[in-house]
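J.: Mind having a look at this structure? Questions to follow.
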Amino acid sequence: MSDSLRELWLRGVAFNPAAPSDVLIRLLDQTTGELGRLVCKDRDLPDAVIDAALSHPEWRIRGALARNQHVDPSRLAPLATDPSGLVRARLANPHLRPWSFWVRPLPDDILVALLTAQDGGEDGKVTAREIVSELESSRQIPLPFFRSLAGHEDPALRMKATWRWESLTPAQRAGLLDDPDPAVREAAEDRNWKLDPERVEAELPSIRPSSRPFVLDRCALSPALVEQCFADGTVHPLARNPHTPADAVARLARHPEAKVRETVASRPDLGPDLVAELREDPDEDVRLRARLHPFPRTWAEYDVIDLVIGHGPECICPITEPEPDPAGVPSPDWFAACAVSGEPVLRRVAASWPGLPAELVESLAQDGDEEVRIRLACRHPLAPPHLLLEVFVTRPDHRSHLLTLPGFPRTGRTHLIDHPDPEVRALAAADPTLPEPPVEDAEESVRRAAAANPILTPEVLEALLADPRTAEGAAANPSLPVPRMHALLDRCLNGAAAAPAPYVPAGGEAEAEAGGEGESADRAGG
């Protein structure tokens, strides 16, 4: 058997959606090398396969499972205390390219285990602090988790509640500042300085230059520090800082740099005179922001708008879980008002909110602004299938994400079979309502998708398995009988003959076993 066929069959079977647990568990064997890790990382897995991977002696298999975004994260809880620190680090931060833009939160028990670990694992490759650092940067810790830590019985976890100091309630902050544990009080005091203008002024010189814009962006600022920012030209952070005093905001609204005026123009604390003035600004982007008033009435609304402006239709920014605390997000009525606004920016904001009701989703799906439709398709669970397909065809940047969405249409794509883009043709070639899958297409990806089309019978698949141009797709075809999957693995793992044995239909097993030509002979390595 040629190495090329062996690799194609293995890859096909590994990603065959109909492959049962016993087939997939065979692929976790170390003799399959990288493929076993791909199986654990890149596809949904039955419980039995998850259990096998969790107890696998090879840390790379467990580490691959830690990065699996298809598996319910609660099933990965044992990996949070894995003997290997490298496995824990992969769970803390999968570092995946965005096959999907969604960033799912980890369950509380996993977060607690990672945050309270006393060591970095027996392999000594990473430290516990490095694992926590990976977790912090992963976006997998939801804000409600930090709020829940404020009252935790473990002082070490109450200290970690201070990491999101400004997201805590005033009562929680007061409780941590008066905590019975001195280390918790010290951590709270260390975080609370951000709300003390004099302390911010005193601390700023000791903060590294790259972090100073973040301080000026969110911290309470003294009058002297505000004047210093104007003097040295570091006013951009002031333009969005909620603590910037009104007189400084007025000066920023008339700043010579248009970007500064633009940032100021949709602040919720802007007075009506300044709004009117900025609506007549010579810069178009400034006028746009000013026109958005009175929608940003709160800083939560301002932040939501700010996340949308300027990103464009190619935006593939991570999508985190919605903030569950109503106090931390604009109201449903506010989003509904955005959805019927004459301003495309506000309709884009509405389209980005997954709680928008069905009737408004239907309206935005027909919106004349392409970015509204793209955001709705990528972010709303009720986005209609025809819109998901439209965005897939027109916007390649979003394709990998769209294919993960449960609403993406699995049929109704045959009209795209002659599309000039091979990726679109491949999508059409996989449609099970297609009369004749194009297994002879000039593009490899299209042939692979066509060969994996479940409309093909096991008999047809036999010829495709023997052809290197279609072997991988045929091995991935859910119509391939499970015994044939095992037979292919036998040949690949045991280094047997060059081509698969002929298909034996149901009822022919006895003749195959007697004659040595069918699947029983294959399993024996004949």
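The chains in the structure tokens are called A, B, ... from first to last as shown; in each chain the residues are counted from 1, and the ligands are counted from 1 in the order shown.
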Give the helix (DSSP H, G or I) residues of region 107-185 of chain A, as DSSP finds them on the backbone, and put them as a ChimeraX atom specification.

T.: /A:108-116,128-137,143-149,155-167,170-177,182-185

J.: Please identify all polymer residues within 10 Å of Ala449 (chain A), counting only C-alpha atoms, omitting same-chain residues fewer than 6 positions from it, and present them as a ChimeraX atom specification.

T.: /A:423,425-431,437-439,470,472-474,476-477

J.: Nearest to Ile316 (chain A) among A:Pro205, A:Pro396, A:Pro213, A:Pro432, with distances taken over only C-alpha atoms: which residue is it?

T.: A:Pro396

J.: What's the separation between CA of Ala183 (chain A) and CA of Ser206 (chain A), in Å to one decimal place?

T.: 22.2 Å

J.: Using only C-alpha atoms for the distances, tell me which of A:Asn453, A:Gln172, A:Thr404, A:Ser352 is nearest to Met159 (chain A).

T.: A:Gln172

J.: Go ahead and compute the interatomic distance for CA of Gln366 (chain A) and CA of Arg104 (chain A), in Å to one decimal.

T.: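 Separation between CA of Gln366 (chain A) and CA of Arg104 (chain A): 29.1 Å.
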
J.: List as a ChimeraX atom specification the protein and nucleic acid residues near Pro155 (chain A), meaning an atom at most 12 Å away when only C-alpha atoms are counted, but skip any in the same chain fewer than 4 places from it.

T.: /A:116,149-151,159-162,176,179-188

J.: Considering only C-alpha atoms, state which residue in the set A:Gly355, A:Pro385, A:Pro237, A:Gly33 is at the smallest distance from Arg212 (chain A).

T.: A:Pro237

J.: What lies within 9 Å of Leu28 (chain A) using only C-alpha atoms, ignoring chain neighbours under 2 positions off, as a PyMOL selection string?

T.: chain A and resi 24-26+30-33+35-37+39-40+49+52-53+56+61

J.: Write the residues you've just listed into a file as a short mmCIF file (atom, residue, chain, number, x, y, z; two decimals), in the first residue's frame, and include N, CA and C atoms for each of them.

T.:
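Generated output (selection.cif):
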data_model
loop_
_atom_site.label_atom_id
_atom_site.label_comp_id
_atom_site.auth_asym_id
_atom_site.auth_seq_id
_atom_site.Cartn_x
_atom_site.Cartn_y
_atom_site.Cartn_z
N LEU A 24 -12.79 5.32 16.36
CA LEU A 24 -12.02 6.50 16.74
C LEU A 24 -10.99 6.17 17.81
N ILE A 25 -11.34 5.26 18.71
CA ILE A 25 -10.38 4.89 19.76
C ILE A 25 -9.14 4.23 19.16
N ARG A 26 -9.34 3.47 18.09
CA ARG A 26 -8.18 2.87 17.43
C ARG A 26 -7.23 3.95 16.89
N GLN A 30 -0.74 5.41 19.31
CA GLN A 30 0.41 6.23 18.95
C GLN A 30 0.95 5.92 17.56
N THR A 31 0.61 4.74 17.02
CA THR A 31 1.11 4.42 15.68
C THR A 31 0.50 5.33 14.62
N THR A 32 -0.61 6.01 14.94
CA THR A 32 -1.20 6.93 13.97
C THR A 32 -0.61 8.33 14.09
N GLY A 33 0.28 8.55 15.05
CA GLY A 33 1.00 9.81 15.15
C GLY A 33 0.11 11.01 15.30
N LEU A 35 -2.26 12.11 13.67
CA LEU A 35 -3.68 11.96 13.39
C LEU A 35 -4.50 11.76 14.66
N GLY A 36 -3.97 11.00 15.61
CA GLY A 36 -4.68 10.81 16.86
C GLY A 36 -4.92 12.12 17.57
N ARG A 37 -3.96 13.01 17.51
CA ARG A 37 -4.12 14.32 18.15
C ARG A 37 -5.14 15.17 17.41
N VAL A 39 -7.73 14.04 15.78
CA VAL A 39 -9.05 13.50 16.13
C VAL A 39 -9.52 14.10 17.46
N CYS A 40 -8.62 14.15 18.43
CA CYS A 40 -8.98 14.65 19.75
C CYS A 40 -9.28 16.14 19.74
N VAL A 49 -14.93 7.92 23.59
CA VAL A 49 -13.66 8.41 23.05
C VAL A 49 -13.08 9.48 23.97
N ALA A 52 -11.48 7.71 26.77
CA ALA A 52 -10.21 7.10 26.37
C ALA A 52 -9.11 8.14 26.26
N ALA A 53 -9.45 9.31 25.74
CA ALA A 53 -8.44 10.36 25.61
C ALA A 53 -8.04 10.92 26.97
N HIS A 56 -5.55 8.62 28.45
CA HIS A 56 -4.47 8.19 27.54
C HIS A 56 -3.11 8.48 28.17
N ILE A 61 -1.97 13.57 23.49
CA ILE A 61 -3.37 13.24 23.22
C ILE A 61 -4.28 14.00 24.18
#

J.: Quick one: of A:Arg267, A:Asp281, A:Pro435, A:Glu462, who's nearest to Val304 (chain A), counting only C-alpha atoms?

T.: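 The closest residue to Val304 (chain A) is A:Arg267.
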